[in-house]
file coords_39.cif (mmCIF, C-alpha atoms)
data_data
loop_
_atom_site.label_atom_id
_atom_site.label_comp_id
_atom_site.auth_asym_id
_atom_site.auth_seq_id
_atom_site.Cartn_x
_atom_site.Cartn_y
_atom_site.Cartn_z
CA MET A 1227 244.48 -61.89 -32.26
CA GLU A 1228 248.18 -62.94 -32.20
CA VAL A 1229 248.57 -61.92 -35.84
CA LEU A 1230 247.06 -58.56 -35.08
CA LEU A 1231 249.49 -58.00 -32.21
CA LYS A 1232 252.52 -58.92 -34.36
CA PHE A 1233 251.33 -56.51 -36.99
CA LEU A 1234 250.85 -53.70 -34.53
CA GLY A 1235 253.96 -54.55 -32.51
CA GLY A 1236 256.27 -53.31 -35.23
CA THR A 1237 254.81 -49.84 -35.25
CA LEU A 1238 253.38 -49.37 -31.78
CA ASN A 1239 255.74 -49.51 -28.82
CA SER A 1240 253.53 -47.77 -26.33
CA ILE A 1241 251.99 -50.09 -23.74
CA THR A 1242 248.97 -47.78 -23.46
CA ILE A 1243 248.24 -47.95 -27.16
CA LYS A 1244 248.56 -51.74 -27.13
CA CYS A 1245 246.04 -52.00 -24.30
CA MET A 1246 243.57 -49.80 -26.16
CA VAL A 1247 243.92 -51.92 -29.29
CA LEU A 1248 243.32 -55.10 -27.28
CA LEU A 1249 240.15 -53.60 -25.74
CA VAL A 1250 238.73 -52.55 -29.10
CA ALA A 1251 239.50 -55.96 -30.58
CA ALA A 1252 237.78 -57.73 -27.69
CA LEU A 1253 234.62 -55.62 -28.10
CA ILE A 1254 234.51 -56.31 -31.83
CA LEU A 1255 234.88 -60.06 -31.32
CA ARG A 1256 232.11 -60.04 -28.68
CA VAL A 1257 229.69 -58.31 -31.03
CA LEU A 1258 230.52 -60.70 -33.88
CA PHE A 1259 230.46 -64.02 -32.04
CA LEU A 1260 228.46 -63.80 -28.82
CA PRO A 1261 224.64 -64.35 -29.17
CA SER A 1262 222.11 -62.00 -27.71
CA PHE A 1263 220.23 -63.09 -24.62
CA PRO A 1264 216.47 -62.91 -24.08
CA GLY A 1265 215.50 -60.19 -21.65
CA PHE A 1266 218.40 -57.98 -22.81
CA ASP A 1267 218.32 -55.22 -25.35
CA GLY A 1268 221.05 -53.06 -26.76
CA ILE A 1269 221.89 -49.58 -27.99
CA GLU A 1270 224.11 -49.56 -31.07
CA TRP A 1271 226.88 -47.00 -31.25
CA SER A 1272 228.51 -47.45 -34.67
CA ASN A 1273 230.06 -50.92 -34.33
CA LEU A 1274 229.85 -50.98 -30.50
CA VAL A 1275 226.87 -52.37 -28.52
CA TYR A 1276 225.99 -51.42 -24.95
CA ILE A 1277 223.96 -54.13 -23.22
CA ARG A 1278 221.18 -53.15 -20.76
CA SER A 1279 219.65 -55.66 -18.37
CA HIS A 1280 216.10 -54.26 -18.00
CA PRO A 1281 213.07 -56.05 -19.52
CA PRO A 1282 211.63 -54.81 -22.81
CA PHE A 1283 208.78 -52.33 -22.37
CA THR A 1284 205.96 -51.31 -24.66
CA SER A 1285 204.19 -48.00 -24.82
CA SER A 1286 200.82 -49.57 -24.00
CA ASP A 1287 201.88 -51.73 -21.03
CA PHE A 1288 204.92 -49.93 -19.63
CA GLY A 1289 206.80 -52.20 -17.28
CA ILE A 1290 204.86 -55.43 -17.96
CA ARG A 1291 206.93 -58.12 -19.65
CA GLN A 1292 205.37 -59.63 -22.74
CA ASP A 1293 208.05 -62.28 -23.18
CA LYS A 1294 207.30 -64.05 -19.90
CA PHE A 1295 203.97 -65.52 -18.85
CA LEU A 1296 201.99 -66.92 -15.94
CA VAL A 1297 199.36 -69.64 -16.37
CA VAL A 1298 196.89 -70.70 -13.67
CA PRO A 1299 194.54 -73.71 -13.41
CA GLN A 1300 190.86 -73.51 -14.31
CA LEU A 1301 189.05 -71.27 -11.82
CA VAL A 1302 186.18 -72.90 -9.91
CA TRP A 1303 183.33 -72.21 -7.43
CA GLY A 1304 180.78 -69.43 -7.98
CA LEU A 1305 181.15 -66.35 -10.13
CA ASN A 1306 182.58 -64.08 -7.47
CA ASN A 1307 184.92 -66.66 -5.98
CA GLN A 1308 186.29 -67.04 -9.49
CA LYS A 1309 186.65 -63.25 -9.77
CA ILE A 1310 188.65 -63.20 -6.54
CA ALA A 1311 190.84 -66.06 -7.77
CA PHE A 1312 191.33 -64.17 -11.04
CA ALA A 1313 192.34 -61.00 -9.16
CA ARG A 1314 194.90 -62.99 -7.14
CA ALA A 1315 196.29 -64.43 -10.37
CA CYS A 1316 196.55 -60.93 -11.86
CA LEU A 1317 198.42 -59.60 -8.85
CA THR A 1318 200.70 -62.63 -8.83
CA ALA A 1319 201.54 -61.89 -12.49
CA ARG A 1320 202.08 -58.24 -11.60
CA MET A 1321 204.48 -59.17 -8.83
CA LEU A 1322 206.42 -61.50 -11.10
CA ASN A 1323 206.30 -58.92 -13.92
CA ARG A 1324 204.67 -61.41 -16.29
CA THR A 1325 201.70 -61.43 -18.62
CA LEU A 1326 198.85 -63.58 -17.30
CA LEU A 1327 197.60 -66.03 -19.90
CA MET A 1328 193.82 -65.83 -20.18
CA PRO A 1329 192.42 -68.36 -17.67
CA SER A 1330 189.44 -70.67 -18.06
CA LEU A 1331 186.43 -70.10 -15.82
CA SER A 1332 183.89 -72.71 -14.73
CA ALA A 1333 180.38 -72.38 -16.15
CA SER A 1334 178.94 -75.05 -13.86
CA LEU A 1335 178.82 -75.36 -10.09
CA PHE A 1336 179.93 -78.97 -9.69
CA TYR A 1337 183.11 -77.86 -7.96
CA LYS A 1338 183.48 -81.07 -5.93
CA GLU A 1339 183.52 -83.23 -9.05
CA ILE A 1340 186.33 -81.94 -11.23
CA ASP A 1341 185.31 -84.11 -14.20
CA LEU A 1342 181.89 -82.41 -14.28
CA LEU A 1343 183.26 -78.86 -14.34
CA GLN A 1344 182.24 -77.15 -17.55
CA PRO A 1345 185.04 -74.80 -18.66
CA ILE A 1346 184.27 -71.49 -20.30
CA SER A 1347 186.76 -69.05 -21.75
CA PHE A 1348 187.34 -65.76 -19.90
CA ASP A 1349 186.44 -63.74 -23.01
CA LYS A 1350 183.03 -65.44 -23.18
CA VAL A 1351 182.11 -63.64 -19.95
CA PHE A 1352 184.33 -60.55 -19.72
CA GLN A 1353 185.71 -58.21 -22.36
CA PHE A 1354 189.32 -59.19 -23.00
CA GLU A 1355 190.54 -56.10 -24.87
CA LYS A 1356 188.69 -53.71 -22.58
CA PHE A 1357 190.31 -55.33 -19.56
CA ASN A 1358 193.77 -54.69 -21.00
CA THR A 1359 192.80 -51.12 -21.87
CA LEU A 1360 191.42 -50.29 -18.42
CA CYS A 1361 194.28 -52.05 -16.62
CA SER A 1362 197.02 -50.85 -18.97
CA GLY A 1363 200.30 -50.55 -17.12
CA PHE A 1364 198.91 -52.38 -14.08
CA VAL A 1365 198.32 -55.95 -15.22
CA ARG A 1366 198.05 -57.54 -18.64
CA LEU A 1367 196.22 -60.55 -20.10
CA GLY A 1368 197.59 -62.56 -22.99
CA HIS A 1369 196.36 -65.29 -25.32
CA TYR A 1370 197.98 -68.70 -25.34
CA SER A 1371 198.88 -68.01 -28.97
CA ASP A 1372 201.19 -65.26 -27.66
CA VAL A 1373 203.45 -67.92 -26.21
CA LEU A 1374 204.25 -69.56 -29.56
CA ASN A 1375 207.61 -71.31 -29.13
CA ARG A 1376 208.53 -69.54 -25.92
CA THR A 1377 209.39 -71.68 -22.91
CA GLN A 1378 209.36 -69.05 -20.17
CA VAL A 1379 205.98 -70.05 -18.73
CA LEU A 1380 205.59 -70.36 -14.96
CA GLU A 1381 202.70 -72.54 -13.81
CA MET A 1382 201.50 -71.92 -10.26
CA LEU A 1383 200.46 -75.11 -8.50
CA LYS A 1384 196.79 -75.43 -7.60
CA GLY A 1385 196.15 -74.43 -4.01
CA SER A 1386 193.93 -76.00 -1.37
CA GLY A 1387 190.57 -74.65 -2.50
CA ARG A 1388 189.00 -72.01 -0.28
CA ARG A 1389 191.45 -72.53 2.58
CA TRP A 1390 193.18 -69.31 1.70
CA THR A 1391 195.07 -67.13 4.15
CA VAL A 1392 197.08 -63.97 3.74
CA GLU A 1393 200.16 -65.77 5.04
CA ARG A 1394 199.84 -68.62 2.54
CA ASP A 1395 199.21 -66.18 -0.29
CA LEU A 1396 202.26 -64.06 0.50
CA SER A 1397 204.39 -67.16 1.06
CA GLN A 1398 203.51 -68.47 -2.39
CA LEU A 1399 204.28 -65.16 -4.03
CA LYS A 1400 207.61 -64.88 -2.26
CA GLU A 1401 208.50 -68.40 -3.37
CA TYR A 1402 208.12 -67.55 -7.04
CA SER A 1403 209.11 -63.89 -7.05
CA ARG A 1404 212.64 -62.72 -7.63
CA GLY A 1405 214.33 -59.61 -6.39
CA SER A 1406 212.58 -57.20 -4.06
CA PHE A 1407 209.13 -58.07 -2.75
CA ASP A 1408 206.35 -55.49 -2.81
CA ASP A 1409 202.72 -55.61 -1.63
CA TYR A 1410 200.38 -55.33 -4.64
CA GLU A 1411 197.08 -56.36 -3.07
CA ASP A 1412 195.04 -53.80 -4.99
CA TYR A 1413 192.20 -56.15 -5.84
CA ALA A 1414 189.74 -53.32 -6.33
CA LYS A 1415 191.73 -52.06 -9.30
CA VAL A 1416 191.45 -55.45 -11.03
CA PHE A 1417 187.70 -55.63 -10.41
CA GLU A 1418 187.27 -52.18 -11.97
CA CYS A 1419 188.78 -53.52 -15.19
CA LEU A 1420 186.30 -56.40 -15.44
CA ASP A 1421 183.43 -55.56 -17.78
CA LEU A 1422 180.84 -58.09 -18.96
CA ILE A 1423 180.61 -58.80 -22.68
CA ASP A 1424 177.88 -56.91 -24.53
CA GLU A 1425 175.61 -59.94 -24.82
CA ILE A 1426 175.39 -60.41 -21.05
CA GLY A 1427 175.09 -56.67 -20.47
CA LYS A 1428 172.12 -56.48 -22.84
CA GLU A 1429 170.41 -59.37 -21.07
CA ALA A 1430 170.80 -57.48 -17.79
CA ASP A 1431 169.31 -54.41 -19.51
CA ARG A 1432 166.23 -56.46 -20.39
CA VAL A 1433 165.78 -57.66 -16.81
CA VAL A 1434 166.19 -54.15 -15.35
CA SER A 1435 163.75 -52.74 -17.93
CA ARG A 1436 161.18 -55.33 -16.90
CA ILE A 1437 161.65 -54.47 -13.20
CA ARG A 1438 161.09 -50.78 -13.92
CA ALA A 1439 158.07 -51.56 -16.09
CA VAL A 1440 156.51 -53.53 -13.24
CA GLU A 1441 157.14 -50.64 -10.85
CA ARG A 1442 155.43 -48.21 -13.22
CA GLU A 1443 152.45 -50.53 -13.31
CA VAL A 1444 152.41 -50.78 -9.52
CA ILE A 1445 152.64 -47.04 -8.94
CA GLY A 1446 150.17 -46.37 -11.75
CA LYS A 1447 147.56 -48.40 -9.90
CA SER A 1448 148.18 -46.62 -6.60
CA ASP A 1449 145.34 -44.58 -5.13
CA SER A 1450 147.81 -42.01 -3.79
CA VAL A 1451 147.05 -38.62 -5.35
CA GLU A 1452 150.54 -37.44 -4.48
CA LEU A 1453 152.10 -40.26 -6.42
CA GLU A 1454 149.76 -39.77 -9.36
CA ASN A 1455 150.65 -36.09 -9.57
CA SER A 1456 154.39 -36.77 -9.35
CA ILE A 1457 154.46 -39.23 -12.21
CA THR A 1458 153.67 -38.09 -15.72
CA SER A 1459 154.19 -39.78 -19.04
CA ASP A 1460 157.24 -37.59 -19.61
CA SER A 1461 158.88 -38.30 -16.26
CA SER A 1462 158.22 -42.03 -16.44
CA SER A 1463 159.95 -42.24 -19.78
CA SER A 1464 162.90 -40.00 -18.96
CA GLN A 1465 163.70 -40.88 -15.35
CA PRO A 1466 164.08 -44.48 -14.18
CA LEU A 1467 162.04 -45.43 -11.14
CA PRO A 1468 163.86 -46.84 -8.12
CA TYR A 1469 163.92 -50.51 -7.15
CA VAL A 1470 165.39 -52.53 -4.31
CA ALA A 1471 167.51 -55.62 -5.01
CA VAL A 1472 167.86 -58.23 -2.27
CA HIS A 1473 170.44 -60.99 -2.48
CA MET A 1474 168.32 -63.50 -0.58
CA ARG A 1475 170.63 -66.17 0.76
CA ILE A 1476 168.27 -68.86 1.98
CA GLU A 1477 169.27 -71.66 -0.39
CA ILE A 1478 169.93 -75.14 0.97
CA ASP A 1479 173.69 -75.10 0.46
CA TRP A 1480 174.02 -71.66 2.03
CA MET A 1481 172.01 -72.52 5.15
CA ILE A 1482 174.20 -75.57 5.76
CA HIS A 1483 177.36 -73.51 5.29
CA CYS A 1484 176.29 -70.53 7.40
CA LYS A 1485 175.13 -72.67 10.33
CA LYS A 1486 178.53 -74.35 10.48
CA LEU A 1487 180.21 -70.97 10.17
CA GLU A 1488 178.17 -69.52 13.03
CA GLN A 1489 179.19 -72.44 15.25
CA ARG A 1490 182.85 -72.03 14.36
CA LEU A 1491 182.87 -68.25 14.88
CA ASN A 1492 180.52 -68.35 17.87
CA THR A 1493 178.10 -65.80 16.43
CA THR A 1494 174.46 -65.56 15.39
CA GLN A 1495 174.87 -62.81 12.80
CA ILE A 1496 175.48 -64.80 9.63
CA CYS A 1497 172.35 -66.82 8.82
CA SER A 1498 169.05 -65.02 8.23
CA SER A 1499 165.61 -66.49 7.72
CA LYS A 1500 163.19 -65.28 5.07
CA LYS A 1501 161.08 -63.65 7.77
CA GLU A 1502 164.07 -61.77 9.21
CA ILE A 1503 165.15 -60.56 5.77
CA MET A 1504 161.66 -59.26 4.98
CA GLU A 1505 161.48 -57.45 8.32
CA ARG A 1506 164.87 -55.81 7.85
CA VAL A 1507 164.03 -54.64 4.31
CA ARG A 1508 160.70 -53.25 5.50
CA ASN A 1509 162.49 -51.17 8.15
CA ILE A 1510 165.04 -49.49 5.87
CA VAL A 1511 165.08 -45.88 7.04
CA GLY A 1512 163.74 -43.52 4.38
CA LEU A 1513 162.46 -46.25 2.04
CA LYS A 1514 159.33 -45.09 0.23
CA THR A 1515 156.55 -47.40 -0.89
CA PRO A 1516 155.11 -48.74 -3.09
CA VAL A 1517 158.33 -50.31 -4.29
CA VAL A 1518 159.34 -53.35 -6.31
CA VAL A 1519 161.80 -55.67 -4.57
CA TYR A 1520 163.85 -57.87 -6.88
CA LEU A 1521 164.89 -61.10 -5.18
CA ALA A 1522 168.19 -62.47 -6.48
CA VAL A 1523 168.28 -66.12 -5.52
CA ALA A 1524 169.60 -69.38 -6.96
CA ASP A 1525 166.20 -70.87 -7.78
CA LYS A 1526 167.45 -74.41 -8.32
CA LEU A 1527 168.91 -74.53 -4.81
CA LEU A 1528 165.78 -73.28 -3.04
CA ASN A 1529 164.05 -75.63 -0.63
CA ASN A 1530 160.67 -74.07 -1.46
CA SER A 1531 159.20 -71.33 -3.62
CA SER A 1532 157.58 -69.23 -0.89
CA ILE A 1533 159.95 -66.26 -1.16
CA LEU A 1534 157.15 -64.13 -2.67
CA GLU A 1535 154.80 -64.73 0.25
CA GLY A 1536 154.50 -62.78 3.49
CA TRP A 1537 155.60 -59.34 2.32
CA GLU A 1538 153.70 -56.38 3.78
CA GLU A 1539 151.50 -54.02 1.81
CA GLY A 1540 153.46 -51.64 -0.38
CA PHE A 1541 156.19 -54.17 -1.12
CA PHE A 1542 155.98 -56.01 -4.43
CA PRO A 1543 158.47 -58.87 -4.48
CA SER A 1544 159.52 -60.21 -7.85
CA GLU A 1545 161.88 -62.89 -9.06
CA LYS A 1546 162.79 -64.24 -12.48
CA LYS A 1547 159.64 -66.27 -13.10
CA LYS A 1548 157.18 -63.64 -11.87
CA LEU A 1549 158.91 -60.99 -13.97
CA GLY A 1550 158.68 -63.27 -17.00
CA VAL A 1551 162.44 -63.18 -17.60
CA ASP A 1552 163.23 -66.77 -16.59
CA GLY A 1553 163.59 -67.57 -20.29
CA ILE A 1554 166.52 -65.16 -20.45
CA TYR A 1555 168.34 -66.96 -17.64
CA ASN A 1556 167.51 -70.47 -18.82
CA LYS A 1557 169.46 -69.93 -22.04
CA TYR A 1558 172.73 -69.79 -20.13
CA PRO A 1559 174.79 -71.91 -17.71
CA TYR A 1560 174.94 -71.11 -14.02
CA LEU A 1561 177.93 -68.73 -14.29
CA ILE A 1562 176.21 -66.47 -16.85
CA GLN A 1563 172.97 -66.49 -14.86
CA SER A 1564 174.93 -65.33 -11.83
CA ALA A 1565 176.63 -62.61 -13.91
CA ILE A 1566 173.24 -61.26 -15.04
CA ASP A 1567 171.92 -61.23 -11.47
CA TYR A 1568 175.10 -59.53 -10.31
CA GLU A 1569 174.61 -56.72 -12.83
CA VAL A 1570 170.92 -56.32 -11.92
CA CYS A 1571 171.81 -55.99 -8.22
CA LEU A 1572 174.70 -53.65 -8.97
CA ARG A 1573 172.37 -51.23 -10.79
CA ALA A 1574 169.67 -51.25 -8.09
CA ASP A 1575 168.89 -48.00 -6.33
CA ILE A 1576 169.12 -49.84 -3.01
CA PHE A 1577 170.97 -53.11 -2.47
CA VAL A 1578 170.53 -55.42 0.50
CA GLY A 1579 172.75 -58.49 0.94
CA ASN A 1580 174.61 -60.69 3.40
CA SER A 1581 178.02 -59.52 4.62
CA PHE A 1582 179.29 -63.12 4.64
CA SER A 1583 178.44 -63.65 0.98
CA THR A 1584 181.13 -63.11 -1.64
CA PHE A 1585 178.43 -62.16 -4.19
CA SER A 1586 177.04 -59.44 -1.91
CA SER A 1587 180.49 -58.27 -0.81
CA LEU A 1588 181.78 -57.61 -4.33
CA ILE A 1589 178.59 -55.76 -5.27
CA VAL A 1590 178.99 -53.48 -2.24
CA LEU A 1591 182.66 -52.98 -3.12
CA GLU A 1592 181.72 -51.73 -6.60
CA ARG A 1593 178.90 -49.54 -5.26
CA THR A 1594 181.28 -48.02 -2.71
CA GLN A 1595 183.75 -47.29 -5.50
CA LYS A 1596 180.98 -45.56 -7.45
CA MET A 1597 180.31 -43.25 -4.52
CA VAL A 1598 184.01 -42.54 -4.14
CA ARG A 1599 184.31 -41.65 -7.84
CA MET A 1600 181.30 -39.34 -7.50
CA ASN A 1601 183.15 -37.52 -4.67
CA ALA A 1602 180.24 -38.17 -2.30
CA THR A 1603 180.63 -35.91 0.74
CA SER A 1604 178.74 -38.41 2.88
CA MET A 1605 178.04 -42.09 2.37
CA CYS A 1606 175.69 -42.40 5.31
CA GLY A 1607 172.76 -40.05 4.62
CA THR A 1608 169.25 -41.19 3.73
CA ASP A 1609 169.47 -39.43 0.37
CA VAL A 1610 172.85 -40.86 -0.66
CA ARG A 1611 173.05 -42.57 -4.05
CA TRP A 1612 173.95 -46.27 -4.33
CA PRO A 1613 173.26 -47.17 -0.66
CA SER A 1614 173.87 -50.75 0.43
CA PHE A 1615 172.80 -52.69 3.52
CA ALA A 1616 173.49 -56.02 5.23
CA TYR A 1617 170.35 -57.77 6.48
CA ASN A 1618 172.31 -60.17 8.69
CA MET A 1619 173.37 -57.22 10.86
CA PRO A 1620 170.79 -55.15 12.82
CA GLY A 1621 170.87 -51.44 12.06
CA GLU A 1622 168.81 -48.36 12.77
CA SER A 1623 165.13 -48.96 13.64
CA ASN A 1624 165.71 -52.74 13.41
CA GLY A 1625 166.47 -52.36 9.75
CA PRO A 1626 169.58 -53.69 8.00
CA MET A 1627 172.95 -52.13 8.85
CA ARG A 1628 174.39 -49.62 6.39
CA TRP A 1629 177.20 -51.32 4.46
CA ILE A 1630 180.25 -49.51 3.12
CA THR A 1631 183.41 -51.29 2.01
CA ASN A 1632 186.55 -50.26 3.86
CA MET A 1633 188.73 -49.26 0.89
CA SER A 1634 191.82 -49.09 3.09
CA GLU A 1635 191.84 -52.87 3.62
CA SER A 1636 195.06 -54.45 2.29
CA SER A 1637 193.56 -57.84 1.40
CA LEU A 1638 190.36 -59.66 0.54
CA GLN A 1639 190.14 -61.33 3.94
CA ALA A 1640 186.76 -59.72 4.73
CA ILE A 1641 185.32 -60.24 1.26
CA SER A 1642 186.53 -63.83 1.01
CA TYR A 1643 185.30 -64.96 4.40
CA GLY A 1644 182.81 -62.30 5.48
CA THR A 1645 182.85 -59.81 8.33
CA THR A 1646 180.66 -58.02 10.83
CA HIS A 1647 182.76 -54.84 10.52
CA ILE A 1648 180.97 -53.32 7.55
CA SER A 1649 180.10 -49.69 8.26
CA ASN A 1650 181.84 -46.45 9.14
CA CYS A 1651 178.57 -44.56 9.63
#
call {"tool": "encode", "arguments": {"input": "coords_39.cif", "output": "structure tokens"}}
result
Amino acid sequence: MEVLLKFLGGTLNSITIKCMVLLVAALILRVLFLPSFPGFDGIEWSNLVYIRSHPPFTSSDFGIRQDKFLVVPQLVWGLNNQKIAFARACLTARMLNRTLLMPSLSASLFYKEIDLLQPISFDKVFQFEKFNTLCSGFVRLGHYSDVLNRTQVLEMLKGSGRRWTVERDLSQLKEYSRGSFDDYEDYAKVFECLDLIDEIGKEADRVVSRIRAVEREVIGKSDSVELENSITSDSSSSQPLPYVAVHMRIEIDWMIHCKKLEQRLNTTQICSSKKEIMERVRNIVGLKTPVVVYLAVADKLLNNSSILEGWEEGFFPSEKKKLGVDGIYNKYPYLIQSAIDYEVCLRADIFVGNSFSTFSSLIVLERTQKMVRMNATSMCGTDVRWPSFAYNMPGESNGPMRWITNMSESSLQAISYGTTHISNC
């Protein structure tokens, strides 16, 4: 630099020109000797570089950094608790502007004994590429191989199980976020991007086909002339017959949990006996019989096998074994079995569940979204498509209460812990 000044000093006496020369020399030296920094990119103008401080974007995931990552611990509990935990992880990554590394799910239900938890990769249950396509620009999943030699991985500490609150959630996000803080609790968007892998979807197809086949057999044997005239070989093959799916929460673990919950919340509208569930289903306004009722229940946790007994004439209860599809379920671990049942209930013409069950709550959320996408003018009529009900809440004519998810909710408080505020009808 000193040599350069001596050289120029003999010919340039203007202070202004000397300052300009010094500036140009400094820029050249910076380009030649200073390294580039991760997270910065540049625009080259001849031999000058202008540094910008925004993160690198891609055309497919505009705004989501692919050079920084978030990793979360193995997700536990049941299928839908894991889906909620996954959604929280996605929104945490969105807030931090990071790619979420594909988490491990838990195939087994031994959540109290960590050593017995059977891990299963996310892409063995849900479609990885389809998730990124559907959620493009919103959140993004990455493989651990994407990290390579990068060190910018933020690991969120494992929380305190199900003791989740909005305050604790927001506090944790604020702790790790930088810059301005925004509310991104759009869980429904994440759930919309979750699609089961083809293998599980086809197994659900087989179960639904068997349910409809049983209903054709039931109606075919009916002595009702009206029903016989309304069903032809053409219509039975081209139009699926309706069925009711009931998420029957009467398992041992659930009854223990719901009794404690009722005591804590000072209510009697959480637990339901088998008799009460059957009575509520029977009194669904507008329900036509004969009808097949699919009972979604965790068979291994049942105290007895009497769920098929006591139903009134016109109702034909069926579960895995009676349908002859138990072999389909037995091939898979608990998580996959739950995923198949979830899909079967989701496709039902009428769904009846418990508003304090995460499984039931997420099904109703998806069914509500379906009605919204169909631009349904009313979600409360007797002829509405995809109706859902909660049997733990009394409704019209002592039937179950109509259940519609409040899409304006800002968090999963109701879905995570249950609620009695379920209908706008």
call {"tool": "atom_distance", "arguments": {"input": "coords_39.cif", "atom1": "atom CA of A:Leu1513", "atom2": "atom CA of A:Thr1494"}}
result
26.4 Å
call {"tool": "atom_distance", "arguments": {"input": "coords_39.cif", "atom1": "atom CA of A:Leu1561", "atom2": "atom CA of A:Trp1612"}}
result
24.9 Å
call {"tool": "resolve_selection", "arguments": {"input": "coords_39.cif", "expression": "the PyMOL selection byres ((chain A and resi 1332) around 6)", "output": "MDAnalysis selection string"}}
result
chainID A and resid 1302 1331 1333:1334 1344:1346
call {"tool": "atom_distance", "arguments": {"input": "coords_39.cif", "atom1": "atom CA of A:Asp1424", "atom2": "atom CA of A:Asp1349"}}
result
11.1 Å
call {"tool": "resolve_selection", "arguments": {"input": "coords_39.cif", "expression": "the PyMOL selection byres ((chain A and resi 1435) around 12)", "output": "ChimeraX atom specification"}}
result
/A:1428-1434,1436-1442,1463,1466-1469,1549-1551,1570,1573-1574
